[in-house]
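Visitor: entry_16.txt is the file, holding compact mmCIF, C-alpha atoms:
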```txt
# COMPACT_ATOMS: atom_id res chain seq x y z
CA MET E 726 1.09 3.71 15.52
CA PRO E 727 -1.73 4.80 17.88
CA GLN E 728 -4.45 3.17 15.77
CA ILE E 729 -2.79 -0.25 16.08
CA GLN E 730 -2.40 0.13 19.82
CA GLU E 731 -6.02 1.26 20.25
CA ALA E 732 -7.36 -1.67 18.23
CA VAL E 733 -5.18 -4.23 20.04
CA VAL E 734 -6.16 -2.87 23.47
CA ALA E 735 -9.83 -3.07 22.50
CA LEU E 736 -9.35 -6.64 21.27
CA CYS E 737 -7.68 -7.66 24.53
CA SER E 738 -10.52 -6.19 26.58
CA THR E 739 -13.29 -7.97 24.67
CA LEU E 740 -11.91 -11.00 22.81
CA LEU E 741 -8.75 -12.46 24.31
CA SER E 742 -8.40 -16.19 23.75
CA GLU E 743 -5.63 -18.52 24.91
CA CYS E 744 -4.11 -18.29 21.42
CA VAL E 745 -4.40 -15.10 19.39
CA ASN E 746 -4.04 -15.46 15.61
CA ILE E 747 -2.58 -12.41 13.87
CA ALA E 748 -2.27 -11.82 10.12
CA GLU E 749 0.33 -9.36 8.79
CA LEU E 750 -0.59 -8.83 5.13
CA GLY E 751 1.81 -7.60 2.45
CA CYS E 752 4.74 -8.01 4.83
CA SER E 753 7.43 -7.81 2.10
CA SER E 754 10.98 -8.36 3.37
CA GLY E 755 11.86 -4.98 4.88
CA PRO E 756 12.10 -3.75 8.47
CA ASN E 757 8.45 -2.63 8.63
CA THR E 758 7.41 -6.24 9.17
CA SER E 759 9.28 -6.60 12.46
CA ILE E 760 8.20 -3.11 13.59
CA ALA E 761 4.50 -3.89 13.17
CA VAL E 762 4.69 -7.37 14.70
CA SER E 763 6.72 -6.06 17.63
CA GLU E 764 4.19 -3.29 18.29
CA ILE E 765 1.23 -5.68 18.17
CA MET E 766 2.86 -8.28 20.42
CA THR E 767 4.12 -5.75 22.97
CA THR E 768 0.69 -4.11 23.16
CA ILE E 769 -0.97 -7.48 23.79
CA HIS E 770 1.51 -8.23 26.58
CA LYS E 771 1.09 -4.83 28.24
CA SER E 772 -2.69 -5.04 28.01
CA CYS E 773 -2.67 -8.44 29.71
CA ARG E 774 -0.43 -7.22 32.50
CA LYS E 775 -2.76 -4.26 33.04
CA ILE E 776 -5.80 -6.52 33.56
CA GLY E 777 -3.85 -9.04 35.65
CA ARG E 778 -3.72 -12.06 33.37
CA HIS E 779 -0.95 -13.95 31.64
CA SER E 780 -0.07 -13.23 28.05
CA PRO E 781 -1.65 -15.62 25.54
CA GLU E 782 0.20 -17.65 22.98
CA CYS E 783 0.28 -15.90 19.62
CA GLN E 784 0.39 -17.25 16.08
CA VAL E 785 1.58 -14.65 13.56
CA PHE E 786 1.04 -15.27 9.84
CA LEU E 787 3.28 -13.22 7.53
CA ASN E 788 1.71 -12.90 4.09
CA ASP E 789 3.05 -11.62 0.79
CA LEU E 790 3.02 -12.62 -2.85
CA PRO E 791 4.90 -15.82 -3.75
CA GLY E 792 7.71 -13.85 -5.38
CA SER E 793 8.60 -12.12 -2.13
CA ASP E 794 11.89 -12.99 -0.41
CA PHE E 795 10.49 -15.05 2.48
CA ASN E 796 13.95 -16.38 3.27
CA ALA E 797 15.03 -12.86 4.21
CA VAL E 798 11.98 -12.56 6.44
CA PHE E 799 12.68 -15.89 8.15
CA ARG E 800 16.33 -14.99 8.73
CA SER E 801 15.21 -11.91 10.64
CA LEU E 802 12.90 -13.83 13.00
CA PRO E 803 15.44 -14.92 15.66
CA ALA E 804 16.43 -11.29 16.20
CA LEU E 805 12.75 -10.32 16.41
CA GLN E 806 12.01 -13.03 18.98
CA GLU E 807 14.98 -11.92 21.07
CA LYS E 808 13.87 -8.31 20.88
CA LEU E 809 10.37 -9.20 22.04
CA LYS E 810 11.73 -11.11 25.04
CA GLU E 811 13.99 -8.18 25.99
CA GLN E 812 11.10 -5.73 25.74
CA ASN E 813 8.52 -7.79 27.60
CA GLY E 814 10.41 -9.96 30.10
CA ASP E 815 10.03 -13.57 31.12
CA GLU E 816 6.23 -13.43 31.32
CA TYR E 817 5.97 -12.77 27.62
CA GLY E 818 3.86 -15.48 25.99
CA PRO E 819 5.29 -17.66 23.22
CA CYS E 820 4.96 -16.37 19.66
CA PHE E 821 4.91 -18.71 16.66
CA ILE E 822 5.51 -17.20 13.21
CA ALA E 823 4.76 -18.70 9.79
CA GLY E 824 4.83 -17.48 6.19
CA VAL E 825 1.70 -17.53 4.01
CA PRO E 826 2.42 -16.84 0.32
CA GLY E 827 -0.48 -15.67 -1.81
CA SER E 828 -2.47 -12.66 -2.97
CA PHE E 829 -4.61 -11.03 -0.31
CA TYR E 830 -7.25 -10.45 -2.99
CA GLY E 831 -8.68 -13.83 -2.10
CA ARG E 832 -8.88 -16.26 0.82
CA LEU E 833 -5.68 -16.98 2.75
CA PHE E 834 -6.94 -18.51 6.02
CA PRO E 835 -9.74 -20.79 7.29
CA SER E 836 -13.10 -19.28 8.15
CA ALA E 837 -13.36 -17.38 11.46
CA SER E 838 -9.75 -18.14 12.42
CA ILE E 839 -8.05 -14.72 12.65
CA HIS E 840 -8.35 -12.31 15.56
CA PHE E 841 -6.31 -9.36 14.29
CA VAL E 842 -5.43 -8.29 10.74
CA HIS E 843 -2.85 -5.64 9.93
CA SER E 844 -1.60 -4.30 6.62
CA ASN E 845 0.59 -1.28 6.04
CA SER E 846 0.79 -1.16 2.27
CA THR E 847 1.61 2.50 2.05
CA THR E 848 2.52 2.21 -1.61
CA GLY E 849 -1.00 1.37 -2.69
CA ILE E 850 -2.97 -1.49 -1.24
CA ILE E 851 -5.79 -1.12 -3.70
CA VAL E 852 -5.09 -2.10 -7.37
CA LEU E 853 -1.30 -2.29 -7.19
CA GLN E 854 -0.79 -5.44 -5.12
CA LYS E 855 -3.07 -7.52 -7.31
CA SER E 856 -0.98 -6.78 -10.37
CA LYS E 857 2.39 -6.27 -8.71
CA TRP E 858 4.15 -9.10 -10.50
CA SER E 859 1.67 -10.61 -12.90
CA MET E 860 0.32 -7.43 -14.52
CA SER E 861 -2.85 -9.52 -14.85
CA SER E 862 -5.36 -6.77 -14.31
CA PRO E 863 -4.32 -3.28 -15.41
CA PRO E 864 -7.27 -0.94 -16.01
CA LYS E 865 -8.66 -1.29 -19.52
CA PRO E 866 -11.03 1.64 -19.84
CA THR E 867 -11.92 1.59 -23.50
CA ARG E 868 -11.15 0.19 -26.95
CA ASP E 869 -10.80 3.75 -28.24
CA ARG E 870 -7.04 4.23 -27.98
CA SER E 871 -7.40 7.98 -28.46
CA LEU E 872 -8.98 8.16 -25.02
CA VAL E 873 -6.09 6.49 -23.20
CA HIS E 874 -3.23 7.72 -25.39
CA TYR E 875 -2.04 10.68 -23.37
CA VAL E 876 -2.41 8.96 -20.02
CA ILE E 877 0.13 6.39 -21.14
CA LEU E 878 2.21 8.36 -23.62
CA LEU E 879 3.54 11.08 -21.38
CA TYR E 880 1.99 10.12 -18.06
CA ILE E 881 1.55 6.53 -16.88
CA TYR E 882 -1.22 7.38 -14.45
CA ILE E 883 -4.30 9.61 -14.23
CA THR E 884 -3.41 13.23 -14.94
CA LYS E 885 -4.79 16.61 -15.87
CA SER E 886 -3.24 19.64 -17.50
CA LYS E 887 -0.86 21.54 -15.29
CA ASP E 888 0.36 23.82 -18.11
CA SER E 889 -0.47 27.46 -18.62
CA ASP E 890 -1.07 26.77 -22.32
CA GLN E 891 -4.83 26.32 -22.42
CA ASP E 892 -4.67 24.82 -25.92
CA ARG E 893 -3.05 21.74 -24.42
CA ASP E 894 -5.68 21.13 -21.72
CA ALA E 895 -7.57 18.47 -23.65
CA ARG E 896 -4.37 16.64 -24.56
CA ASN E 897 -2.98 16.77 -21.04
CA THR E 898 -6.12 15.64 -19.23
CA SER E 899 -7.23 12.04 -18.70
CA PRO E 900 -10.75 11.51 -20.08
CA GLN E 901 -13.50 10.47 -17.69
CA ALA E 902 -13.45 6.94 -19.13
CA VAL E 903 -9.93 6.47 -17.77
CA VAL E 904 -10.85 7.79 -14.33
CA ASP E 905 -13.93 5.55 -14.25
CA ALA E 906 -11.82 2.51 -15.13
CA TYR E 907 -9.47 3.06 -12.19
CA VAL E 908 -12.37 3.61 -9.79
CA ALA E 909 -14.11 0.46 -11.03
CA GLN E 910 -10.93 -1.56 -10.48
CA LEU E 911 -10.65 -0.11 -6.99
CA GLN E 912 -14.20 -1.15 -6.20
CA ARG E 913 -13.69 -4.71 -7.46
CA ASP E 914 -10.38 -5.25 -5.68
CA PHE E 915 -11.20 -3.63 -2.36
CA SER E 916 -14.58 -5.40 -2.23
CA LEU E 917 -12.85 -8.75 -2.77
CA PHE E 918 -10.25 -7.91 -0.13
CA LEU E 919 -12.92 -7.00 2.44
CA LYS E 920 -15.06 -10.08 1.73
CA SER E 921 -12.04 -12.37 2.08
CA ARG E 922 -10.92 -10.83 5.37
CA ALA E 923 -14.46 -10.77 6.77
CA ALA E 924 -14.80 -14.51 6.11
CA GLU E 925 -11.49 -15.24 7.85
CA THR E 926 -11.90 -13.00 10.91
CA VAL E 927 -13.73 -14.06 14.06
CA GLY E 928 -16.71 -12.04 15.28
CA GLY E 929 -15.37 -9.08 17.26
CA GLY E 930 -11.98 -9.37 15.57
CA ARG E 931 -10.10 -6.25 14.51
CA MET E 932 -8.38 -4.94 11.38
CA VAL E 933 -6.08 -1.96 10.90
CA LEU E 934 -5.26 -1.08 7.28
CA THR E 935 -2.97 1.71 6.11
CA PHE E 936 -2.59 2.80 2.50
CA LYS E 937 -1.82 5.83 0.39
CA GLY E 938 -4.82 8.00 -0.41
CA ARG E 939 -5.99 11.50 -1.17
CA ARG E 940 -7.98 14.18 0.69
CA VAL E 941 -10.14 15.44 -2.17
CA ALA E 942 -12.45 13.84 -4.71
CA ASP E 943 -10.34 14.90 -7.72
CA PRO E 944 -8.11 11.88 -8.54
CA ALA E 945 -5.57 13.99 -10.45
CA VAL E 946 -4.40 16.30 -7.66
CA ASP E 947 -0.68 16.64 -7.05
CA GLU E 948 -0.72 14.72 -3.77
CA SER E 949 -1.77 11.64 -5.76
CA CYS E 950 -0.03 12.27 -9.07
CA LEU E 951 3.08 14.44 -8.76
CA LEU E 952 5.46 11.58 -8.06
CA TRP E 953 3.87 9.57 -10.88
CA ASP E 954 4.38 12.49 -13.26
CA LEU E 955 8.06 12.58 -12.31
CA PHE E 956 8.27 8.81 -12.62
CA ALA E 957 6.86 8.95 -16.16
CA HIS E 958 9.18 11.81 -17.07
CA ALA E 959 12.17 9.70 -16.04
CA PHE E 960 11.04 6.95 -18.43
CA GLN E 961 10.21 8.97 -21.52
CA ASP E 962 13.64 8.71 -23.14
CA LEU E 963 14.36 5.16 -22.02
CA VAL E 964 11.54 2.81 -23.00
CA GLY E 965 12.02 2.58 -26.76
CA GLY E 966 9.42 4.92 -28.18
CA GLU E 967 5.87 6.01 -27.57
CA LYS E 968 4.31 2.67 -28.54
CA MET E 969 5.82 1.02 -25.48
CA LEU E 970 4.59 3.77 -23.20
CA ASP E 971 1.26 3.86 -25.00
CA SER E 972 0.62 0.25 -24.01
CA TYR E 973 1.61 0.55 -20.35
CA ASN E 974 -1.06 1.19 -17.71
CA SER E 975 0.08 1.70 -14.15
CA PRO E 976 -2.20 -0.48 -11.98
CA TYR E 977 -2.51 1.87 -9.04
CA HIS E 978 -5.14 4.04 -7.38
CA GLU E 979 -4.99 6.20 -4.26
CA PRO E 980 -8.54 6.28 -2.88
CA TYR E 981 -10.56 9.16 -1.50
CA LYS E 982 -12.03 8.38 1.92
CA GLU E 983 -15.60 8.21 0.54
CA GLU E 984 -14.45 5.50 -1.87
CA ILE E 985 -13.21 3.51 1.13
CA THR E 986 -16.28 3.93 3.34
CA SER E 987 -18.62 3.13 0.44
CA GLU E 988 -17.07 -0.31 -0.11
CA ILE E 989 -17.05 -1.06 3.63
CA GLN E 990 -20.76 -0.28 3.80
CA LYS E 991 -21.50 -2.41 0.74
CA GLU E 992 -19.65 -5.41 2.22
CA GLY E 993 -21.89 -5.25 5.26
CA SER E 994 -20.15 -7.50 7.80
CA LEU E 995 -17.57 -4.97 9.01
CA THR E 996 -18.05 -1.88 11.15
CA LEU E 997 -15.86 1.18 10.57
CA ASP E 998 -14.39 2.03 13.96
CA SER E 999 -12.28 4.95 12.72
CA LEU E 1000 -10.73 6.42 9.59
CA LYS E 1001 -7.85 8.80 10.17
CA THR E 1002 -5.75 10.65 7.62
CA ILE E 1003 -2.01 11.08 8.08
CA VAL E 1004 -0.20 13.84 6.18
CA LEU E 1005 3.59 13.88 5.82
CA PRO E 1006 5.82 16.46 4.14
CA TRP E 1007 7.33 15.88 0.69
CA GLY E 1008 10.69 14.84 2.09
CA GLY E 1009 9.32 12.71 4.93
CA ALA E 1010 7.14 10.12 3.20
CA ASP E 1011 8.89 7.23 4.94
CA GLY E 1012 8.77 8.91 8.34
CA SER E 1013 12.31 10.26 8.03
CA LYS E 1014 13.17 13.86 8.68
CA SER E 1015 13.31 15.95 5.53
CA GLY E 1016 16.87 16.20 4.25
CA ASP E 1017 18.57 17.97 1.36
CA ARG E 1018 17.13 17.52 -2.13
CA ALA E 1019 19.61 14.80 -3.09
CA THR E 1020 18.84 12.73 0.02
CA VAL E 1021 15.09 13.11 -0.45
CA ALA E 1022 15.39 12.10 -4.12
CA GLN E 1023 17.38 8.99 -3.22
CA ARG E 1024 14.79 7.94 -0.62
CA MET E 1025 11.86 8.44 -2.98
CA ALA E 1026 13.49 6.57 -5.83
CA LYS E 1027 14.39 3.72 -3.48
CA GLY E 1028 10.78 3.49 -2.31
CA MET E 1029 9.40 3.56 -5.84
CA ARG E 1030 11.88 0.93 -6.96
CA ALA E 1031 11.02 -1.42 -4.09
CA VAL E 1032 7.45 -1.58 -5.35
CA HIS E 1033 7.64 -1.03 -9.10
CA GLU E 1034 10.82 -2.81 -10.18
CA PRO E 1035 9.07 -6.15 -10.86
CA MET E 1036 6.45 -4.47 -13.06
CA ILE E 1037 8.99 -2.39 -14.95
CA GLN E 1038 11.31 -5.35 -15.47
CA ASN E 1039 8.54 -7.68 -16.62
CA TYR E 1040 7.12 -5.15 -19.07
CA PHE E 1041 10.12 -3.25 -20.43
CA GLY E 1042 12.89 -5.77 -19.75
CA PRO E 1043 15.77 -5.86 -17.23
CA ASP E 1044 18.13 -3.57 -19.15
CA ILE E 1045 16.14 -0.46 -18.37
CA VAL E 1046 15.76 -0.88 -14.60
CA ASP E 1047 18.99 0.57 -13.18
CA THR E 1048 19.14 3.44 -15.65
CA SER E 1049 15.49 4.39 -15.19
CA PHE E 1050 15.65 4.63 -11.42
CA GLN E 1051 18.95 6.51 -11.56
CA ARG E 1052 17.20 8.90 -13.91
CA LEU E 1053 14.29 9.15 -11.44
CA VAL E 1054 16.69 10.29 -8.70
CA GLN E 1055 17.88 13.14 -10.93
CA VAL E 1056 14.34 14.11 -11.99
CA VAL E 1057 13.10 14.26 -8.38
CA GLU E 1058 16.17 16.20 -7.27
CA ASP E 1059 15.72 18.76 -10.06
CA ASN E 1060 12.00 19.12 -9.42
CA ILE E 1061 11.14 22.33 -7.56
CA LYS E 1062 7.50 21.46 -6.94
CA GLU E 1063 6.53 19.69 -3.73
CA THR E 1064 3.35 18.25 -2.28
CA GLU E 1065 2.34 16.35 0.84
CA HIS E 1066 2.04 12.57 1.16
CA VAL E 1067 -1.36 11.36 2.36
CA SER E 1068 -2.23 8.01 3.94
CA HIS E 1069 -5.49 6.68 5.35
CA VAL E 1070 -5.55 4.49 8.46
CA VAL E 1071 -8.74 2.41 8.64
CA SER E 1072 -9.75 0.54 11.80
CA LEU E 1073 -12.50 -2.09 11.35
CA ILE E 1074 -14.42 -4.47 13.62
CA ARG E 1075 -15.83 -7.77 12.39
CA ASN E 1076 -19.51 -7.91 13.25
CA SER E 1077 -20.51 -10.79 15.53
```
Spit out the file's structure as structure tokens when you get a sec.

Guide:
Amino acid sequence: MPQIQEAVVALCSTLLSECVNIAELGCSSGPNTSIAVSEIMTTIHKSCRKIGRHSPECQVFLNDLPGSDFNAVFRSLPALQEKLKEQNGDEYGPCFIAGVPGSFYGRLFPSASIHFVHSNSTTGIIVLQKSKWSMSSPPKPTRDRSLVHYVILLYIYITKSKDSDQDRDARNTSPQAVVDAYVAQLQRDFSLFLKSRAAETVGGGRMVLTFKGRRVADPAVDESCLLWDLFAHAFQDLVGGEKMLDSYNSPYHEPYKEEITSEIQKEGSLTLDSLKTIVLPWGGADGSKSGDRATVAQRMAKGMRAVHEPMIQNYFGPDIVDTSFQRLVQVVEDNIKETEHVSHVVSLIRNS
């Protein structure tokens, strides 16, 4: 990713110590972890060669929630180390890798100890990760259940009417109280994330964060909500009645860029170096080339399951999981509507 390379090159030109500490947040146990670490390490090595100095030692901290499969991550490390040596030659500096379990909505490292922070939580860094397993903080907008009923009953996320029947507009539209609750949760969580990282990062250190977002202020546009609408549709006949759906809030919010910049400015100790928006086609959300409808549906359901299975299993029970995601494949495949997938890439500098 160009933004990672640009930030690492800038770090090497201004703040290159004998040991560079790197934090990879929300690493999970998939291949994206090794891809990001490999890119960061290779860029450091190439930057050092370009300025005529030896590569520093690097300490890489892989963070995810305690329930993540760290053993799978650790088993992949020998292959990663070998790949880095093949790519960078004998002059490549040693790289030490450790796991750090814990929520990144709080402190993970000592003060002023990290030089570079990276997180590619493209499934929703803001609200979702905090509640990914514990469901400890879903939005609770109001005690008036009539206000939240439709959001949960037929849609498990913010929505607005997409029907031609104007009589159903009020029923199909999330009230402002629901929208405000999600935005307030975003502000609390992202503010805590930024304060924690600012405390841990050295002056002049860099951060590159990638997460799903939207291009317009309206939180109920298709690019944020279409997949959630399909997800809810797949569950309607499987969760044991409307009371179960009525009580389920999906703890997720895709931010508008002004929501991001506002929290960065409020935090005060970080400078926004750049904010770039990446747009991918409906069938290429994971960077793959768009395939036939069945292939695209399988990929989307697999991605949704990787993130949401713990929540679904904890709330509705294990019996529903396989059937619900099989149903999601069929719903996505049958859907004729498409939208684009939007992600924001934020590059930050820790003020000295």

Visitor: Which value, in Å to one decimal, gives the distance between atom CA of Thr926 of chain E and atom CA of Ile839 of chain E?

Guide: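 Atom CA of Ile839 of chain E lies 4.6 Å from atom CA of Thr926 of chain E.
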
Visitor: Pull the neighbourhood of (2.4, -14.5, 6.1) for me: all residues within 10 Å in file coordinates, counting all atoms listed in the file, as number ranges by chain.

Guide: E: 747-753, 785-790, 795, 798, 822-827, 833

Visitor: Have a look at atom CA of Lys991 of chain E and atom CA of Ser1072 of chain E and let me know their distance in Å, one decimal.

Guide: 16.4 Å

Visitor: Pick out the closest residue to Leu951 of chain E from this set: E:Asn1060, E:Gln806, E:Gln1038, E:Ser1068. Count all atoms listed in the file.

Guide: E:Asn1060

Visitor: Do a neighbour search on Phe841 of chain E at 9 Å with all atoms listed in the file, toss out local chain neighbours closer than 6 positions, and write the hits as a list in words.

Guide: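 Once the nearby chain positions are removed, what remains is Ala732, Val733, Leu736, Val745, Asn746, Ile747, Ala748, Glu749, Thr926, Val927, Gly930, Arg931, Met932 and Val933 of chain E.
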
Visitor: Kindly indicate which residue among E:Leu1073, E:Val941, E:Leu952, E:Leu740 lies nearest to Thr986 of chain E, using all atoms listed in the file for the distances.

Guide: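 Answer, going by the shortest atom-to-atom distance: E:Leu1073.
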
Visitor: Between E:Ala906, E:Cys820, E:Ala837, E:Ile769, which has the minimum distance to Glu731 of chain E (counting all atoms listed in the file)?

Guide: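 Using all atoms listed in the file, Glu731 of chain E sits closest to E:Ile769.
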
Visitor: What is the atom CA of Lys1062 of chain E to atom CA of Ala945 of chain E distance in Å?

Guide: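 Separation of atom CA of Lys1062 of chain E and atom CA of Ala945 of chain E: 15.5 Å.
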
Visitor: With all atoms listed in the file as the atoms that count, which of E:Tyr830, E:Leu963, E:His978, E:Arg1030 lies nearest to Phe915 of chain E?

Guide: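 Counting all atoms listed in the file, the residue closest to Phe915 of chain E is E:Tyr830.
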
Visitor: Please produce, as JSON lines, a per-residue contact table for segment 904-979 of chain E versus segment 1052-1056 of chain E (criterion: any atom at most 8 Å away, all atoms listed in the file considered), showing the nearest atom pair and its distance in Å to one decimal, sorted by chain then residue number.

Guide:
```
{"residue": "E:Leu955", "atom": "CA", "partner": "E:Val1056", "partner_atom": "CA", "distance": 6.5}
{"residue": "E:Phe956", "atom": "CA", "partner": "E:Leu1053", "partner_atom": "CA", "distance": 6.1}
{"residue": "E:His958", "atom": "CA", "partner": "E:Val1056", "partner_atom": "CA", "distance": 7.6}
{"residue": "E:Ala959", "atom": "CA", "partner": "E:Leu1053", "partner_atom": "CA", "distance": 5.1}
{"residue": "E:Phe960", "atom": "CA", "partner": "E:Arg1052", "partner_atom": "CA", "distance": 7.9}
```

Visitor: Between E:Gln784, E:Arg1075, E:Phe799, E:Phe1050, single out the one closest to Gly1028 of chain E, counting only C-alpha atoms.

Guide: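 Closest to Gly1028 of chain E of all the choices is E:Phe1050.
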
Visitor: Show me, as a list in words, the residues that have an atom within 12 Å of Gln728 of chain E when counting only C-alpha atoms, minus same-chain residues fewer than 4 positions from it.

Guide: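 Surrounding residues, per the criterion: Ala732, Val733, Val734, Ala735, Ala761, Glu764, Ile765, Thr768, His843, Asn845, Arg931, Met932, Val933, Leu934, Thr935, Asp998, Ser999, Leu1000, Lys1001, Thr1002, Ile1003, His1069, Val1070, Val1071, Ser1072 and Leu1073 of chain E.
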
Visitor: Which residues are near segment 807-814 of chain E? Cut-off 7 Å, all atoms listed in the file, ignore same chain within fewer than 4 positions. Put them as a list in words.

Guide: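 Here the answer would be Ser763, Thr767 and Pro803 of chain E.
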
Visitor: Given the point (-7.3, 1.9, -6.6) in the file's coordinates, find the residues that have an atom at most 7 Å from it, counting all atoms listed in the file, and give them as a list in words.

Guide: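 Answer for this query, in the requested form: Ile851, Val852, Tyr907, Val908, Gln910, Leu911, Tyr977, His978, Glu979 and Pro980 of chain E.
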
Visitor: Looking at E:Ile1045, E:Ile1074, E:Val842, E:Cys737, which one is nearest to Gly777 of chain E, with distances taken over all atoms listed in the file?

Guide: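 That would be E:Cys737, the residue with the smallest distance to Gly777 of chain E.
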
Visitor: Will you model all heavy atoms for segment 794-801 of chain E and pass it back as a tab-separated table (two decimals), in the frame of the given file?

Guide:
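Result went into rebuild-v3.tsv, see below:
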```tsv
chain	number	residue	atom	x	y	z
E	794	ASP	N	10.73	-12.30	-0.98
E	794	ASP	CA	11.89	-12.99	-0.41
E	794	ASP	C	11.57	-13.44	1.02
E	794	ASP	O	11.97	-12.80	1.99
E	794	ASP	CB	13.11	-12.08	-0.44
E	794	ASP	CG	14.39	-12.80	-0.02
E	794	ASP	OD1	14.31	-14.00	0.30
E	794	ASP	OD2	15.45	-12.16	-0.02
E	795	PHE	N	10.84	-14.55	1.14
E	795	PHE	CA	10.49	-15.05	2.48
E	795	PHE	C	11.72	-15.51	3.25
E	795	PHE	O	11.71	-15.48	4.48
E	795	PHE	CB	9.47	-16.19	2.36
E	795	PHE	CG	8.06	-15.72	2.16
E	795	PHE	CD1	7.54	-15.57	0.88
E	795	PHE	CD2	7.25	-15.41	3.24
E	795	PHE	CE1	6.24	-15.13	0.69
E	795	PHE	CE2	5.94	-14.99	3.06
E	795	PHE	CZ	5.44	-14.84	1.79
E	796	ASN	N	12.75	-15.96	2.56
E	796	ASN	CA	13.95	-16.38	3.27
E	796	ASN	C	14.55	-15.23	4.07
E	796	ASN	O	15.04	-15.41	5.19
E	796	ASN	CB	14.98	-16.92	2.28
E	796	ASN	CG	14.60	-18.29	1.75
E	796	ASN	OD1	13.93	-19.06	2.43
E	796	ASN	ND2	15.02	-18.60	0.54
E	797	ALA	N	14.53	-14.02	3.49
E	797	ALA	CA	15.03	-12.86	4.21
E	797	ALA	C	14.19	-12.58	5.44
E	797	ALA	O	14.70	-12.22	6.51
E	797	ALA	CB	15.06	-11.63	3.29
E	798	VAL	N	12.87	-12.75	5.30
E	798	VAL	CA	11.98	-12.56	6.44
E	798	VAL	C	12.29	-13.58	7.54
E	798	VAL	O	12.43	-13.24	8.71
E	798	VAL	CB	10.50	-12.70	6.01
E	798	VAL	CG1	9.58	-12.63	7.22
E	798	VAL	CG2	10.14	-11.61	5.00
E	799	PHE	N	12.43	-14.83	7.16
E	799	PHE	CA	12.68	-15.89	8.15
E	799	PHE	C	14.03	-15.70	8.84
E	799	PHE	O	14.15	-15.98	10.03
E	799	PHE	CB	12.61	-17.27	7.49
E	799	PHE	CG	11.25	-17.61	6.94
E	799	PHE	CD1	11.12	-18.45	5.83
E	799	PHE	CD2	10.10	-17.10	7.52
E	799	PHE	CE1	9.87	-18.76	5.33
E	799	PHE	CE2	8.84	-17.41	7.01
E	799	PHE	CZ	8.73	-18.24	5.91
E	800	ARG	N	15.03	-15.22	8.10
E	800	ARG	CA	16.33	-14.99	8.73
E	800	ARG	C	16.28	-13.90	9.79
E	800	ARG	O	17.11	-13.88	10.71
E	800	ARG	CB	17.37	-14.63	7.66
E	800	ARG	CG	17.84	-15.82	6.82
E	800	ARG	CD	19.08	-15.48	6.01
E	800	ARG	NE	18.80	-14.46	5.01
E	800	ARG	CZ	18.43	-14.73	3.76
E	800	ARG	NH1	18.29	-15.99	3.37
E	800	ARG	NH2	18.21	-13.76	2.89
E	801	SER	N	15.32	-13.00	9.67
E	801	SER	CA	15.21	-11.91	10.64
E	801	SER	C	14.42	-12.30	11.90
E	801	SER	O	14.43	-11.56	12.88
E	801	SER	CB	14.52	-10.71	9.99
E	801	SER	OG	13.14	-10.97	9.75
```
